[in-house]
>>> print(open('my_file_15.pdb').read())   # PDB, C-alpha atoms
MODEL        1
ATOM      1  CA  MET A   9     193.689 156.476  21.912
ATOM      2  CA  ALA A  10     191.540 156.686  18.848
ATOM      3  CA  ALA A  11     194.637 156.279  16.732
ATOM      4  CA  ASP A  12     195.604 153.166  18.722
ATOM      5  CA  HIS A  13     192.140 151.698  18.203
ATOM      6  CA  SER A  14     192.223 152.199  14.420
ATOM      7  CA  SER A  15     195.726 150.758  14.290
ATOM      8  CA  SER A  16     194.544 147.699  16.225
ATOM      9  CA  ASP A  17     191.612 147.289  13.810
ATOM     10  CA  ALA A  18     193.958 147.430  10.877
ATOM     11  CA  HIS A  19     195.886 144.489  12.304
ATOM     12  CA  THR A  20     192.929 142.343  13.286
ATOM     13  CA  ALA A  21     190.330 143.108  10.599
ATOM     14  CA  PRO A  22     189.884 140.490   7.876
ATOM     15  CA  THR A  23     191.691 141.389   4.678
ATOM     16  CA  PRO A  24     189.570 140.246   1.744
ATOM     17  CA  HIS A  25     191.531 138.594  -1.056
ATOM     18  CA  ALA A  26     194.707 138.702   1.047
ATOM     19  CA  HIS A  27     195.366 135.086   0.046
ATOM     20  CA  GLU A  28     194.034 135.294  -3.497
ATOM     21  CA  GLU A  29     196.369 137.707  -5.247
ATOM     22  CA  HIS A  30     199.303 135.425  -6.020
ATOM     23  CA  HIS A  31     197.793 133.552  -8.956
ATOM     24  CA  PRO A  32     200.053 132.279 -11.746
ATOM     25  CA  ASP A  33     200.220 134.080 -15.079
ATOM     26  CA  TRP A  34     199.513 132.904 -18.646
ATOM     27  CA  GLY A  35     203.082 131.584 -19.044
ATOM     28  CA  THR A  36     202.674 129.238 -16.062
ATOM     29  CA  TYR A  37     199.237 128.060 -17.235
ATOM     30  CA  LYS A  38     200.665 127.342 -20.703
ATOM     31  CA  TRP A  39     203.501 125.225 -19.286
ATOM     32  CA  VAL A  40     201.110 123.384 -16.945
ATOM     33  CA  ALA A  41     198.839 122.512 -19.912
ATOM     34  CA  LEU A  42     201.848 121.319 -21.917
ATOM     35  CA  ILE A  43     203.145 119.133 -19.060
ATOM     36  CA  LEU A  44     199.663 117.628 -18.509
ATOM     37  CA  THR A  45     199.388 116.819 -22.224
ATOM     38  CA  VAL A  46     202.853 115.223 -22.316
ATOM     39  CA  ILE A  47     202.078 113.077 -19.240
ATOM     40  CA  THR A  48     198.743 111.969 -20.764
ATOM     41  CA  VAL A  49     200.479 111.009 -24.023
ATOM     42  CA  GLY A  50     203.080 109.128 -21.946
ATOM     43  CA  GLU A  51     200.358 107.212 -20.066
ATOM     44  CA  VAL A  52     198.642 106.114 -23.285
ATOM     45  CA  TRP A  53     202.005 105.240 -24.888
ATOM     46  CA  ILE A  54     202.859 102.998 -21.899
ATOM     47  CA  TYR A  55     199.456 101.295 -22.252
ATOM     48  CA  TYR A  56     200.392 100.160 -25.775
ATOM     49  CA  LEU A  57     203.808  98.711 -24.799
ATOM     50  CA  PRO A  58     203.174  94.931 -24.438
ATOM     51  CA  ASN A  59     206.637  94.315 -22.968
ATOM     52  CA  PHE A  60     206.019  96.906 -20.258
ATOM     53  CA  THR A  61     202.375  96.132 -19.435
ATOM     54  CA  SER A  62     203.351  92.594 -18.379
ATOM     55  CA  THR A  63     205.947  93.819 -15.861
ATOM     56  CA  ARG A  64     205.291  94.687 -12.215
ATOM     57  CA  PHE A  65     206.279  98.326 -12.925
ATOM     58  CA  PHE A  66     203.260  98.984 -15.176
ATOM     59  CA  VAL A  67     200.654  99.782 -12.487
ATOM     60  CA  PRO A  68     202.995 101.796 -10.187
ATOM     61  CA  THR A  69     204.181 103.862 -13.173
ATOM     62  CA  LEU A  70     200.618 104.694 -14.243
ATOM     63  CA  LEU A  71     199.590 105.515 -10.663
ATOM     64  CA  THR A  72     202.620 107.795 -10.235
ATOM     65  CA  LEU A  73     201.956 109.641 -13.504
ATOM     66  CA  SER A  74     198.290 110.039 -12.553
ATOM     67  CA  ALA A  75     199.234 111.357  -9.097
ATOM     68  CA  VAL A  76     201.628 113.885 -10.669
ATOM     69  CA  LYS A  77     198.854 115.137 -13.006
ATOM     70  CA  PHE A  78     196.422 115.312 -10.081
ATOM     71  CA  ALA A  79     198.895 117.311  -7.971
ATOM     72  CA  ILE A  80     199.745 119.718 -10.819
ATOM     73  CA  VAL A  81     196.088 120.562 -11.485
ATOM     74  CA  VAL A  82     195.352 121.015  -7.773
ATOM     75  CA  MET A  83     198.434 123.159  -7.119
ATOM     76  CA  PHE A  84     198.380 125.410 -10.181
ATOM     77  CA  TYR A  85     194.869 125.432 -11.676
ATOM     78  CA  MET A  86     193.070 125.250  -8.313
ATOM     79  CA  HIS A  87     195.695 127.643  -6.864
ATOM     80  CA  LEU A  88     196.127 125.518  -3.738
ATOM     81  CA  LYS A  89     199.879 126.204  -3.829
ATOM     82  CA  TYR A  90     199.199 129.933  -3.493
ATOM     83  CA  ASP A  91     195.958 129.974  -1.464
ATOM     84  CA  ALA A  92     195.209 129.964   2.268
ATOM     85  CA  LYS A  93     196.178 127.006   4.444
ATOM     86  CA  LEU A  94     192.541 126.514   5.471
ATOM     87  CA  PHE A  95     191.604 125.665   1.853
ATOM     88  CA  ARG A  96     194.522 123.215   1.708
ATOM     89  CA  ALA A  97     193.274 121.552   4.907
ATOM     90  CA  LEU A  98     189.673 121.417   3.648
ATOM     91  CA  PHE A  99     190.827 119.515   0.556
ATOM     92  CA  THR A 100     193.810 117.400   1.630
ATOM     93  CA  GLY A 101     192.137 116.227   4.863
ATOM     94  CA  PRO A 102     189.121 114.525   3.208
ATOM     95  CA  LEU A 103     191.283 113.416   0.255
ATOM     96  CA  THR A 104     193.721 111.628   2.589
ATOM     97  CA  ILE A 105     190.879 109.901   4.469
ATOM     98  CA  ALA A 106     189.245 108.923   1.141
ATOM     99  CA  ILE A 107     192.495 107.415  -0.215
ATOM    100  CA  ILE A 108     193.039 105.478   3.049
ATOM    101  CA  ALA A 109     189.432 104.194   2.839
ATOM    102  CA  VAL A 110     189.909 103.003  -0.770
ATOM    103  CA  ILE A 111     193.192 101.200   0.071
ATOM    104  CA  SER A 112     191.639  99.654   3.222
ATOM    105  CA  LEU A 113     188.664  98.347   1.208
ATOM    106  CA  LEU A 114     191.001  96.848  -1.402
ATOM    107  CA  PHE A 115     192.876  95.001   1.392
ATOM    108  CA  LEU A 116     189.559  93.924   2.961
ATOM    109  CA  PHE A 117     188.242  92.453  -0.290
ATOM    110  CA  GLY A 118     191.515  90.732  -1.153
ATOM    111  CA  HIS A 119     192.655  92.870  -4.084
ATOM    112  CA  LEU A 120     195.806  93.890  -2.226
ATOM    113  CA  ALA A 121     197.912  91.685   0.025
ATOM    114  CA  ILE A 122     201.125  92.009   2.042
ATOM    115  CA  ARG A 123     203.501  89.190   1.124
ATOM    116  CA  ALA A 124     205.403  87.738   4.090
TER
ATOM    117  CA  MET B   6     197.026 152.493   0.293
ATOM    118  CA  ALA B   7     196.218 152.279  -3.394
ATOM    119  CA  SER B   8     196.605 148.496  -3.390
ATOM    120  CA  ALA B   9     194.341 148.252  -0.332
ATOM    121  CA  ALA B  10     191.724 150.355  -2.134
ATOM    122  CA  LEU B  11     192.094 148.171  -5.220
ATOM    123  CA  ALA B  12     191.711 144.998  -3.156
ATOM    124  CA  HIS B  13     188.586 146.472  -1.573
ATOM    125  CA  SER B  14     187.167 147.434  -4.975
ATOM    126  CA  HIS B  15     187.664 143.800  -6.111
ATOM    127  CA  ALA B  16     185.593 142.496  -3.195
ATOM    128  CA  PRO B  17     182.073 141.445  -4.256
ATOM    129  CA  GLU B  18     179.387 143.823  -3.012
ATOM    130  CA  HIS B  19     177.533 141.121  -1.115
ATOM    131  CA  ALA B  20     180.530 138.953  -0.231
ATOM    132  CA  HIS B  21     180.735 137.583   3.297
ATOM    133  CA  TYR B  22     184.193 137.429   4.795
ATOM    134  CA  THR B  23     184.789 135.292   7.845
ATOM    135  CA  SER B  24     187.021 136.205  10.804
ATOM    136  CA  THR B  25     189.848 134.430   8.941
ATOM    137  CA  GLY B  26     189.671 137.051   6.177
ATOM    138  CA  LEU B  27     188.610 134.343   3.722
ATOM    139  CA  ASN B  28     185.507 134.499   1.564
ATOM    140  CA  SER B  29     182.705 132.310   2.932
ATOM    141  CA  ASN B  30     181.644 131.209  -0.582
ATOM    142  CA  LYS B  31     185.140 129.944  -1.246
ATOM    143  CA  ILE B  32     185.303 128.117   2.091
ATOM    144  CA  ALA B  33     181.943 126.520   1.247
ATOM    145  CA  ILE B  34     183.050 125.344  -2.214
ATOM    146  CA  TRP B  35     186.266 123.852  -0.779
ATOM    147  CA  ALA B  36     184.238 122.052   1.934
ATOM    148  CA  PHE B  37     181.884 120.771  -0.785
ATOM    149  CA  ILE B  38     184.841 119.563  -2.862
ATOM    150  CA  GLY B  39     186.183 117.812   0.253
ATOM    151  CA  SER B  40     182.858 115.980   0.644
ATOM    152  CA  GLU B  41     182.910 115.071  -3.052
ATOM    153  CA  CYS B  42     186.248 113.310  -2.462
ATOM    154  CA  PHE B  43     184.366 110.823  -0.240
ATOM    155  CA  PHE B  44     181.601 110.418  -2.819
ATOM    156  CA  PHE B  45     183.935 109.566  -5.693
ATOM    157  CA  ALA B  46     186.183 107.457  -3.431
ATOM    158  CA  SER B  47     183.160 105.249  -2.642
ATOM    159  CA  LEU B  48     182.342 104.842  -6.358
ATOM    160  CA  ILE B  49     185.979 104.200  -7.343
ATOM    161  CA  SER B  50     186.468 101.646  -4.548
ATOM    162  CA  THR B  51     183.252  99.863  -5.615
ATOM    163  CA  TYR B  52     184.565  99.671  -9.198
ATOM    164  CA  LEU B  53     187.969  98.371  -8.055
ATOM    165  CA  ILE B  54     186.440  95.771  -5.702
ATOM    166  CA  TYR B  55     184.263  94.382  -8.520
ATOM    167  CA  LYS B  56     187.083  94.605 -11.099
ATOM    168  CA  GLY B  57     187.757  91.198 -12.656
ATOM    169  CA  ARG B  58     184.808  89.524 -10.894
ATOM    170  CA  SER B  59     182.288  89.601 -13.754
ATOM    171  CA  ILE B  60     181.114  86.119 -14.704
ATOM    172  CA  VAL B  61     179.850  86.994 -18.182
ATOM    173  CA  GLY B  62     181.210  89.439 -20.776
ATOM    174  CA  PRO B  63     181.765  91.946 -22.225
ATOM    175  CA  PHE B  64     184.948  92.609 -20.237
ATOM    176  CA  PRO B  65     186.918  95.870 -20.196
ATOM    177  CA  HIS B  66     190.320  94.665 -21.423
ATOM    178  CA  GLU B  67     189.908  90.982 -22.318
ATOM    179  CA  ALA B  68     188.186  89.352 -25.289
ATOM    180  CA  CYS B  69     185.255  87.055 -24.440
ATOM    181  CA  ASN B  70     184.700  83.936 -26.545
ATOM    182  CA  PRO B  71     182.150  81.068 -26.412
ATOM    183  CA  PRO B  72     181.193  79.250 -24.223
ATOM    184  CA  VAL B  73     181.660  82.080 -21.642
ATOM    185  CA  CYS B  74     179.895  84.495 -23.990
ATOM    186  CA  ALA B  75     177.157  83.514 -26.433
ATOM    187  CA  THR B  76     178.997  85.366 -29.208
ATOM    188  CA  ALA B  77     182.654  86.421 -29.489
ATOM    189  CA  LEU B  78     183.237  89.852 -27.895
ATOM    190  CA  LYS B  79     186.312  92.051 -28.205
ATOM    191  CA  PRO B  80     187.707  94.217 -25.323
ATOM    192  CA  ILE B  81     185.095  96.908 -24.842
ATOM    193  CA  LEU B  82     187.110  99.963 -23.719
ATOM    194  CA  ASN B  83     188.088 102.266 -26.581
ATOM    195  CA  ILE B  84     191.349 103.842 -25.365
ATOM    196  CA  PRO B  85     191.964 106.201 -28.360
ATOM    197  CA  VAL B  86     188.496 107.769 -27.997
ATOM    198  CA  THR B  87     188.787 108.126 -24.208
ATOM    199  CA  SER B  88     192.326 109.550 -24.508
ATOM    200  CA  THR B  89     190.956 112.230 -26.829
ATOM    201  CA  SER B  90     188.113 113.071 -24.438
ATOM    202  CA  THR B  91     190.659 113.232 -21.564
ATOM    203  CA  PHE B  92     192.726 115.717 -23.579
ATOM    204  CA  VAL B  93     189.563 117.765 -24.245
ATOM    205  CA  LEU B  94     188.768 117.939 -20.513
ATOM    206  CA  LEU B  95     192.368 118.939 -19.672
ATOM    207  CA  MET B  96     192.201 121.747 -22.233
ATOM    208  CA  SER B  97     188.856 122.876 -20.749
ATOM    209  CA  SER B  98     190.679 123.391 -17.449
ATOM    210  CA  LEU B  99     193.189 125.636 -19.250
ATOM    211  CA  ALA B 100     190.296 127.614 -20.804
ATOM    212  CA  MET B 101     188.718 127.920 -17.336
ATOM    213  CA  VAL B 102     191.809 129.452 -15.694
ATOM    214  CA  LEU B 103     192.102 131.871 -18.614
ATOM    215  CA  ALA B 104     188.411 132.837 -18.202
ATOM    216  CA  HIS B 105     188.982 133.491 -14.483
ATOM    217  CA  SER B 106     192.124 135.476 -15.266
ATOM    218  CA  ALA B 107     190.187 137.605 -17.808
ATOM    219  CA  VAL B 108     187.416 138.340 -15.249
ATOM    220  CA  VAL B 109     190.017 139.360 -12.645
ATOM    221  CA  ARG B 110     191.599 141.728 -15.226
ATOM    222  CA  GLY B 111     188.170 143.101 -16.180
ATOM    223  CA  ASP B 112     188.682 141.946 -19.776
ATOM    224  CA  ARG B 113     185.059 141.441 -20.871
ATOM    225  CA  LYS B 114     185.861 140.276 -24.409
ATOM    226  CA  TYR B 115     188.161 137.418 -23.377
ATOM    227  CA  SER B 116     186.081 136.445 -20.328
ATOM    228  CA  LYS B 117     183.201 135.678 -22.706
ATOM    229  CA  ILE B 118     185.451 133.844 -25.176
ATOM    230  CA  TRP B 119     187.124 131.624 -22.567
ATOM    231  CA  LEU B 120     183.893 130.906 -20.666
ATOM    232  CA  ALA B 121     182.242 129.874 -23.951
ATOM    233  CA  MET B 122     185.307 127.785 -24.851
ATOM    234  CA  THR B 123     185.226 125.993 -21.466
ATOM    235  CA  ALA B 124     181.503 125.224 -21.824
ATOM    236  CA  LEU B 125     182.080 124.030 -25.401
ATOM    237  CA  LEU B 126     184.942 121.717 -24.407
ATOM    238  CA  GLY B 127     182.879 120.384 -21.486
ATOM    239  CA  SER B 128     179.992 119.693 -23.872
ATOM    240  CA  THR B 129     182.418 117.954 -26.258
ATOM    241  CA  PHE B 130     183.544 115.706 -23.401
ATOM    242  CA  LEU B 131     179.879 114.862 -22.711
ATOM    243  CA  GLY B 132     179.429 114.093 -26.423
ATOM    244  CA  PHE B 133     182.347 111.636 -26.254
ATOM    245  CA  GLN B 134     180.773 110.029 -23.176
ATOM    246  CA  ALA B 135     177.382 109.722 -24.894
ATOM    247  CA  TYR B 136     179.101 108.085 -27.897
ATOM    248  CA  GLU B 137     180.961 105.685 -25.584
ATOM    249  CA  PHE B 138     177.826 104.704 -23.624
ATOM    250  CA  THR B 139     175.836 104.193 -26.847
ATOM    251  CA  SER B 140     178.540 102.021 -28.427
ATOM    252  CA  PHE B 141     178.789  99.940 -25.223
ATOM    253  CA  VAL B 142     175.046  99.274 -25.268
ATOM    254  CA  HIS B 143     175.268  98.269 -28.959
ATOM    255  CA  GLU B 144     178.118  95.870 -28.077
ATOM    256  CA  GLY B 145     176.009  94.210 -25.378
ATOM    257  CA  LEU B 146     177.133  96.013 -22.193
ATOM    258  CA  LYS B 147     174.296  97.513 -20.144
ATOM    259  CA  ILE B 148     174.114  98.542 -16.508
ATOM    260  CA  THR B 149     172.498  95.166 -15.664
ATOM    261  CA  THR B 150     174.774  92.957 -17.826
ATOM    262  CA  ASN B 151     177.506  92.220 -15.285
ATOM    263  CA  LEU B 152     179.438  93.684 -12.310
ATOM    264  CA  PHE B 153     181.719  95.625 -14.658
ATOM    265  CA  GLY B 154     178.728  97.215 -16.418
ATOM    266  CA  SER B 155     177.035  98.186 -13.129
ATOM    267  CA  SER B 156     180.105  99.721 -11.496
ATOM    268  CA  PHE B 157     181.393 101.329 -14.729
ATOM    269  CA  PHE B 158     178.138 103.063 -15.707
ATOM    270  CA  VAL B 159     177.480 104.279 -12.149
ATOM    271  CA  LEU B 160     181.003 105.696 -11.737
ATOM    272  CA  THR B 161     181.364 107.348 -15.144
ATOM    273  CA  GLY B 162     177.661 108.297 -15.206
ATOM    274  CA  PHE B 163     177.936 110.236 -11.957
ATOM    275  CA  HIS B 164     181.097 111.918 -13.252
ATOM    276  CA  GLY B 165     179.208 112.855 -16.426
ATOM    277  CA  ALA B 166     176.383 114.273 -14.287
ATOM    278  CA  HIS B 167     178.952 116.446 -12.488
ATOM    279  CA  VAL B 168     180.349 117.646 -15.838
ATOM    280  CA  THR B 169     176.776 118.468 -16.945
ATOM    281  CA  ALA B 170     176.232 120.518 -13.765
ATOM    282  CA  GLY B 171     179.539 122.296 -14.452
ATOM    283  CA  VAL B 172     178.542 123.115 -18.032
ATOM    284  CA  LEU B 173     175.210 124.543 -16.787
ATOM    285  CA  TRP B 174     177.083 126.651 -14.198
ATOM    286  CA  LEU B 175     179.467 127.905 -16.923
ATOM    287  CA  MET B 176     176.586 128.753 -19.260
ATOM    288  CA  THR B 177     174.895 130.685 -16.442
ATOM    289  CA  LEU B 178     178.087 132.718 -15.915
ATOM    290  CA  LEU B 179     178.349 133.261 -19.685
ATOM    291  CA  PHE B 180     174.718 134.448 -19.785
ATOM    292  CA  ILE B 181     175.413 136.925 -16.948
ATOM    293  CA  ASP B 182     178.588 138.059 -18.725
ATOM    294  CA  ILE B 183     176.645 138.710 -21.951
ATOM    295  CA  ARG B 184     173.742 140.445 -20.171
ATOM    296  CA  ARG B 185     175.585 142.798 -17.820
ATOM    297  CA  GLY B 186     179.276 141.834 -17.986
ATOM    298  CA  LEU B 187     181.360 140.140 -15.301
ATOM    299  CA  ALA B 188     183.403 142.724 -13.419
ATOM    300  CA  PRO B 189     186.460 142.045 -11.207
ATOM    301  CA  ARG B 190     184.095 142.110  -8.196
ATOM    302  CA  ASP B 191     182.488 138.929  -9.633
ATOM    303  CA  ALA B 192     185.839 137.115  -9.774
ATOM    304  CA  ILE B 193     185.093 135.152  -6.594
ATOM    305  CA  ASN B 194     181.959 133.649  -8.200
ATOM    306  CA  VAL B 195     183.932 132.623 -11.287
ATOM    307  CA  ASP B 196     186.649 131.266  -8.957
ATOM    308  CA  CYS B 197     184.113 128.997  -7.203
ATOM    309  CA  CYS B 198     182.922 127.669 -10.588
ATOM    310  CA  ALA B 199     186.557 127.183 -11.672
ATOM    311  CA  LEU B 200     187.367 125.193  -8.500
ATOM    312  CA  TYR B 201     184.400 122.891  -9.134
ATOM    313  CA  TRP B 202     185.396 122.488 -12.800
ATOM    314  CA  HIS B 203     189.021 121.637 -11.953
ATOM    315  CA  PHE B 204     187.834 119.136  -9.345
ATOM    316  CA  VAL B 205     185.731 117.378 -12.013
ATOM    317  CA  ASP B 206     188.923 117.331 -14.117
ATOM    318  CA  VAL B 207     191.083 115.754 -11.366
ATOM    319  CA  VAL B 208     188.421 113.115 -10.706
ATOM    320  CA  TRP B 209     188.600 112.192 -14.400
ATOM    321  CA  ILE B 210     192.412 112.001 -14.173
ATOM    322  CA  ALA B 211     191.951 109.303 -11.494
ATOM    323  CA  ILE B 212     189.145 107.510 -13.399
ATOM    324  CA  PHE B 213     191.115 107.495 -16.674
ATOM    325  CA  THR B 214     194.041 105.700 -15.039
ATOM    326  CA  LEU B 215     192.153 103.354 -12.704
ATOM    327  CA  VAL B 216     189.354 102.334 -15.078
ATOM    328  CA  TYR B 217     190.748 102.682 -18.595
ATOM    329  CA  LEU B 218     194.523 102.186 -18.453
ATOM    330  CA  ILE B 219     195.175  99.683 -15.645
ATOM    331  CA  LYS B 220     194.411  96.249 -17.044
TER
ENDMDL
END
>>> encode(input="my_file_15.pdb", output="structure tokens")
Amino acid sequence: MAADHSSSDAHTAPTPHAHEEHHPDWGTYKWVALILTVITVGEVWIYYLPNFTSTRFFVPTLLTLSAVKFAIVVMFYMHLKYDAKLFRALFTGPLTIAIIAVISLLFLFGHLAIRA
Amino acid sequence: MASAALAHSHAPEHAHYTSTGLNSNKIAIWAFIGSECFFFASLISTYLIYKGRSIVGPFPHEACNPPVCATALKPILNIPVTSTSTFVLLMSSLAMVLAHSAVVRGDRKYSKIWLAMTALLGSTFLGFQAYEFTSFVHEGLKITTNLFGSSFFVLTGFHGAHVTAGVLWLMTLLFIDIRRGLAPRDAINVDCCALYWHFVDVVWIAIFTLVYLIK
């Protein structure tokens, strides 16, 4: 009986750091830093291309590159890819609402429009 | 058995674990970061709403000539300087993960080096921001000049205040590391600081694109 009780405790007791042990190593961090640097150089390079800045692809390209950098930092440096789902929910939930609020305000104040 | 004992030995002495098995400090910092998303979203949306609606110069990307401006003004944003400060902040994030990794390993020498490096790079970023603000004021852009000035200084100023808080947090950890050494049981405290620091970095990633690069 006592053995059953301890076994049950082992299954239900919180396990500190259970979700925190799968962090990337130096090699991953090095590659992440390199990719972030390359993307930043790419963003600035695009900014100085007059033929590209006048096209309709300029803003979407910059926003995509920025989103990729954002996601890389959050996944690898903030360990959200490896951490508990609760942390993911605590961050992505408010972030999603915040992004929707920004886009809604831009529609409301006429900076964005849906063309019929 | 040995790994369980090791995991237990890594747990901070006064750490509070919730019924989920997750550290309460870490849950709190993630909840705080979630709330900060709303804060910066409000500042970024204010900047974007006012973008292009300033009546008088200086303007961010366009030159301003008489009669709109009393004197001829060139585009005020200095992309090479801001690109360099962006690179500095990105590298500070790398230094931060290496500092956390050193604390987890119990490597006291490198934990001090990387914590000091992160604080130094953060301070360098603040130096770039101080230079940028000063040059803007000299070129005629103040917080009361136009809508661009108001929204720009409030947005980047609050980000700079967050970086300052992060540098103070890092220097506190460095002071503790020098005084008594940060052991693996302190890794959760360094992790909380690292999460805050990386969040400040990702906010700048968004600001750099939305404010500086998109014309």
>>> interface_residues(input="my_file_15.pdb", of="chain B", to="chain A", cutoff="7 Å", atoms="only C-alpha atoms", output="ChimeraX atom specification")
/B:12,16,22,24-27,32,35-36,38-40,42-43,46,50,54,92,99,102,200,203,207,210-211,214,218-219
>>> atom_distance(input="my_file_15.pdb", atom1="atom CA of Ala124 of chain B", atom2="atom CA of Leu175 of chain B")
5.9 Å
>>> closest_residue(input="my_file_15.pdb", among="B:Ala121, B:Ile212, B:Ala170, B:Leu178", to="Thr91 of chain B", atoms="all atoms listed in the file")
B:Ile212
>>> atom_distance(input="my_file_15.pdb", atom1="atom CA of Pro72 of chain B", atom2="atom CA of Phe141 of chain B")
20.9 Å
>>> atom_distance(input="my_file_15.pdb", atom1="atom CA of Ser140 of chain B", atom2="atom CA of Ala75 of chain B")
18.7 Å
>>> residues_around(input="my_file_15.pdb", residues="Leu160 of chain B", least_positions_apart="4", cutoff="12 Å", atoms="all atoms listed in the file", output="list of chain:residue names")
B:Phe44, B:Phe45, B:Ala46, B:Ser47, B:Leu48, B:Ile49, B:Ser50, B:Thr51, B:Tyr52, B:Leu53, B:Ile148, B:Phe153, B:Gly154, B:Ser155, B:Ser156, B:His164, B:Gly165, B:Ala166, B:His167, B:Val208, B:Trp209, B:Ala211, B:Ile212, B:Phe213, B:Leu215, B:Val216
>>> resolve_selection(input="my_file_15.pdb", expression="the PyMOL selection byres ((chain B and resi 103-111) around 10)", output="ChimeraX atom specification")
/A:29,31-34,37-38,85 /B:15,97-102,112-123,182,186-199
>>> residues_around(input="my_file_15.pdb", residues="Tyr217 of chain B", least_positions_apart="4", cutoff="9 Å", atoms="all atoms listed in the file", output="MDAnalysis selection string")
chainID B and resid 65:66 82:84 87 212:213
>>> resolve_selection(input="my_file_15.pdb", expression="the PyMOL selection byres ((chain B and resi 62-64) around 10)", output="ChimeraX atom specification")
/B:56-61,65-70,73-82,141,144-147,150-154
